[in-house]
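*Asks:* Questions regarding the structure given below will be posed in turn.
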Amino acid sequence: TKMIGIMALLFMTPLPAHAAKMALSPASGEFKTNCATAANIIVNTEGQNSMAADAFLRYSPDEIEIVDQMSGVGGTQLRPGSVYESYPGNIVSNGVIRLTAFNREGFYNGRGILGSIVFKAKPVVQSSTISFDYSPGRTTDSNVADVASNDMLNGAYGATYTFVTGKCGEDSSPPVVEGMKPAPDEIGVPLDSDITF
């Protein structure tokens with residue numbers, strides 16, 4: 001009887017939860033029709049170590065046009081972020097956006113930009129939605145993988161934008177340098193090392 005009681009307590013004890021979130025930022029807003037606008041795909045590992053992420057989103061190509069961010073590559077691509085080392089899957093086609101990233105070494109832990117979607121509303125479109133393809137437990141949609149390749153994504157939040165006619169605003173945001181390698185003030189770096197950012 002004691003053994004059954006102990007086993008029951010063990011099964012009732014909650015296991016540590018793996019949690020990660022993906023979201024578009026901003027989640028809403030009013031933008032000018034036919035003016036380039038950016039929405040960031042934010043990944044938040046919520047304190048867990050992550051080796052990879054896969055963002056799978058849907059949009060209406062009748063309402064918005066995705067602006068290519070990698071002119072030297074065929075097709076239409078997003079602007080990759082800097083939270084993972086490699087971005088081998090970067091495809092925009094027929095209302096589907098797919099961005100895959102991973103680390104060859106090390107892991108990512110934190111909140112950062114997985115990638116950026118630059119888009120324009122088509123004429124007379126008043127609103128449009130970009131949504132994540134995500135279902136808990138499914139592996140063929142949006143995912144965040146932990147260091148053992150387990151999916152720890154437990155929430156993905158899309159966005160709805162409204163559009164009005166008017167003049168496109170001027171760029172008032174200064175550039176930002178991210179993902180510097182070697183890191184600032186790093187010691188012991190060979191003088192002929194490549195510098196990336």
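Ordered as shown in the structure tokens, chains take letters A, B, and onward, while each chain numbers its residues from 1 and ligands are numbered from 1 in the order shown.
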Among the residues of segment 30-141 of chain A, find those DSSP assigns to strand (DSSP E) from the backbone and print them as a PyMOL selection string.
*Replies:* chain A and resi 30-32+37-44+50-58+64-66+79-80+86-93+96-102+111-121+127-132
*Asks:* May I have the residues within 6 Å of Ile117 of chain A as number ranges by chain, using only C-alpha atoms and disregarding those fewer than 3 positions away in the same chain?
*Replies:* A: 38-39, 78
*Asks:* Residues near Thr45 of chain A, anyone? I mean within 8 Å using only C-alpha atoms, not counting same-chain ones fewer than 2 positions away, as a PDB file with N, CA and C atoms, in the first residue's frame.
*Replies:*
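So around.pdb came out as:
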```pdb
ATOM      1  N   ALA A  19       8.851  25.731 -22.061  1.00  0.00           N
ATOM      2  CA  ALA A  19       7.975  26.769 -22.578  1.00  0.00           C
ATOM      3  C   ALA A  19       8.759  27.672 -23.509  1.00  0.00           C
ATOM      4  N   ALA A  20       8.188  27.974 -24.632  1.00  0.00           N
ATOM      5  CA  ALA A  20       8.750  28.961 -25.545  1.00  0.00           C
ATOM      6  C   ALA A  20       7.583  29.589 -26.288  1.00  0.00           C
ATOM      7  N   LYS A  21       7.778  30.816 -26.722  1.00  0.00           N
ATOM      8  CA  LYS A  21       6.725  31.536 -27.427  1.00  0.00           C
ATOM      9  C   LYS A  21       7.293  32.131 -28.710  1.00  0.00           C
ATOM     10  N   VAL A  43      11.179  35.305 -31.032  1.00  0.00           N
ATOM     11  CA  VAL A  43      11.221  34.011 -30.355  1.00  0.00           C
ATOM     12  C   VAL A  43      11.668  34.272 -28.919  1.00  0.00           C
ATOM     13  N   GLY A  47      13.808  31.198 -20.751  1.00  0.00           N
ATOM     14  CA  GLY A  47      14.777  30.610 -19.837  1.00  0.00           C
ATOM     15  C   GLY A  47      15.301  29.248 -20.220  1.00  0.00           C
ATOM     16  N   GLN A  48      14.808  28.674 -21.316  1.00  0.00           N
ATOM     17  CA  GLN A  48      15.269  27.354 -21.752  1.00  0.00           C
ATOM     18  C   GLN A  48      16.304  27.505 -22.873  1.00  0.00           C
ATOM     19  N   ASN A  49      17.180  26.531 -22.995  1.00  0.00           N
ATOM     20  CA  ASN A  49      18.180  26.530 -24.066  1.00  0.00           C
ATOM     21  C   ASN A  49      17.564  25.940 -25.334  1.00  0.00           C
ATOM     22  N   SER A  50      17.792  26.616 -26.446  1.00  0.00           N
ATOM     23  CA  SER A  50      17.222  26.192 -27.723  1.00  0.00           C
ATOM     24  C   SER A  50      18.316  26.019 -28.768  1.00  0.00           C
ATOM     25  N   TYR A 108      20.723  28.935 -27.964  1.00  0.00           N
ATOM     26  CA  TYR A 108      20.172  30.267 -27.757  1.00  0.00           C
ATOM     27  C   TYR A 108      19.224  30.222 -26.571  1.00  0.00           C
ATOM     28  N   ASN A 109      19.338  31.220 -25.710  1.00  0.00           N
ATOM     29  CA  ASN A 109      18.473  31.333 -24.543  1.00  0.00           C
ATOM     30  C   ASN A 109      18.128  32.805 -24.385  1.00  0.00           C
ATOM     31  N   GLY A 110      16.875  33.153 -24.593  1.00  0.00           N
ATOM     32  CA  GLY A 110      16.483  34.551 -24.440  1.00  0.00           C
ATOM     33  C   GLY A 110      15.315  34.925 -25.325  1.00  0.00           C
ATOM     34  N   ARG A 111      15.189  36.249 -25.524  1.00  0.00           N
ATOM     35  CA  ARG A 111      14.137  36.804 -26.373  1.00  0.00           C
ATOM     36  C   ARG A 111      14.808  37.630 -27.447  1.00  0.00           C
ATOM     37  N   VAL A 144      10.001  25.325 -31.676  1.00  0.00           N
ATOM     38  CA  VAL A 144      11.263  25.735 -31.074  1.00  0.00           C
ATOM     39  C   VAL A 144      11.837  24.486 -30.430  1.00  0.00           C
TER      40      VAL A 144
END
```
*Asks:* I'd like to know which of A:Thr37, A:Gly155, A:Asn143, A:Ala27 is closest to Gly169 of chain A, using only C-alpha atoms.
*Replies:* A:Thr37
*Asks:* Check chain A with DSSP on the backbone and list each residue it calls alpha helix (DSSP H), as a list in words.
*Replies:*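 Taking chain A and keeping alpha helix (DSSP H) only, one gets Lys2, Met3, Ile4, Gly5, Ile6, Met7, Ala8, Leu9, Leu10, Phe11 and Met12 of chain A.
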*Asks:* Near Glu170 of chain A, within 12 Å and counting only C-alpha atoms, which residues show up once chain neighbours fewer than 5 positions away are dropped, as a VMD selection string?
*Replies:* chain A and resid 32 35 to 37
*Asks:* Would you please work out which residue, of A:Glu30, A:Asp68, A:Glu105, A:Glu63, is nearest to Val118 of chain A when using only C-alpha atoms?
*Replies:*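 The closest residue to Val118 of chain A is A:Asp68.
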*Asks:* Would you list the contacts of Val92 of chain A as a ChimeraX atom specification, taking every protein, DNA or RNA residue within 9 Å and counting only C-alpha atoms, but skipping same-chain residues closer than 6 positions in sequence?
*Replies:* /A:66,68,75-78,98-99
*Asks:* With N, CA and C atoms kept, could you save the residues just selected as a short mmCIF file (atom, residue, chain, number, x, y, z; two decimals), in the first residue's frame?
*Replies:*
```cif
data_model
loop_
_atom_site.label_atom_id
_atom_site.label_comp_id
_atom_site.auth_asym_id
_atom_site.auth_seq_id
_atom_site.Cartn_x
_atom_site.Cartn_y
_atom_site.Cartn_z
N ILE A 66 4.90 40.51 -49.90
CA ILE A 66 6.12 40.41 -49.11
C ILE A 66 7.28 40.95 -49.96
N ASP A 68 11.10 41.26 -50.91
CA ASP A 68 12.31 40.44 -50.82
C ASP A 68 13.42 41.19 -50.09
N GLY A 75 13.97 34.08 -55.70
CA GLY A 75 12.74 34.02 -54.92
C GLY A 75 12.62 35.18 -53.95
N THR A 76 11.70 35.03 -53.01
CA THR A 76 11.45 36.06 -52.01
C THR A 76 11.84 35.52 -50.64
N GLN A 77 12.64 36.29 -49.92
CA GLN A 77 13.09 35.88 -48.59
C GLN A 77 12.83 36.97 -47.56
N LEU A 78 12.79 36.53 -46.29
CA LEU A 78 12.70 37.45 -45.16
C LEU A 78 14.10 37.96 -44.83
N ARG A 98 8.08 30.53 -44.52
CA ARG A 98 8.76 29.50 -43.71
C ARG A 98 10.18 29.97 -43.45
N LEU A 99 10.54 30.07 -42.18
CA LEU A 99 11.88 30.48 -41.78
C LEU A 99 12.42 29.46 -40.80
#
```
*Asks:* With 12 Å as the cut-off and only C-alpha atoms counted, what is the closest atom pair between each nearby residue of segment 108-182 of chain A and segment 186-194 of chain A? Distances in Å to one decimal, ordered by chain and number, as a tab-separated table.
*Replies:*
```
residue	atom	partner	partner_atom	distance
A:Met180	CA	A:Glu186	CA	10.6
A:Lys181	CA	A:Asp194	CA	8.0
A:Pro182	CA	A:Glu186	CA	6.4
```
*Asks:* Compile the contact shell of Asp133 of chain A as a ChimeraX atom specification: residues with an atom at most 9 Å away, counting only C-alpha atoms, same-chain residues fewer than 2 positions apart removed.
*Replies:* /A:55-58,131,135,141-142,156
*Asks:* Which residue, A:Asn94, A:Lys167, A:Asp62, A:Tyr134, has the smallest gap to Ala23 of chain A when you use only C-alpha atoms?
*Replies:*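 For Ala23 of chain A, the nearest of the given residues is A:Tyr134.
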*Asks:* Please, what distance in Å, to one decimal, runs between atom CA of Ile41 of chain A and atom CA of Pro136 of chain A?
*Replies:*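 Result for atom CA of Ile41 of chain A versus atom CA of Pro136 of chain A: 18.6 Å, one decimal.
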*Asks:* Restricting the calculation to only C-alpha atoms, which member of A:Ile64, A:Cys168, A:Ala101, A:Met22 is positioned closest to Met152 of chain A?
*Replies:*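 Among the listed residues, A:Met22 lies closest to Met152 of chain A.
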*Asks:* Taking only C-alpha atoms into account, name the residue in A:Gly137, A:Ala145, A:Gln69, A:Ala121 that is nearest to Thr100 of chain A.
*Replies:*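 That would be A:Ala145, the residue with the smallest distance to Thr100 of chain A.
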*Asks:* Do you have the atom CA of Pro174 of chain A-atom CA of Val73 of chain A distance handy?
*Replies:*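 Distance reported for this atom pair: 26.0 Å.
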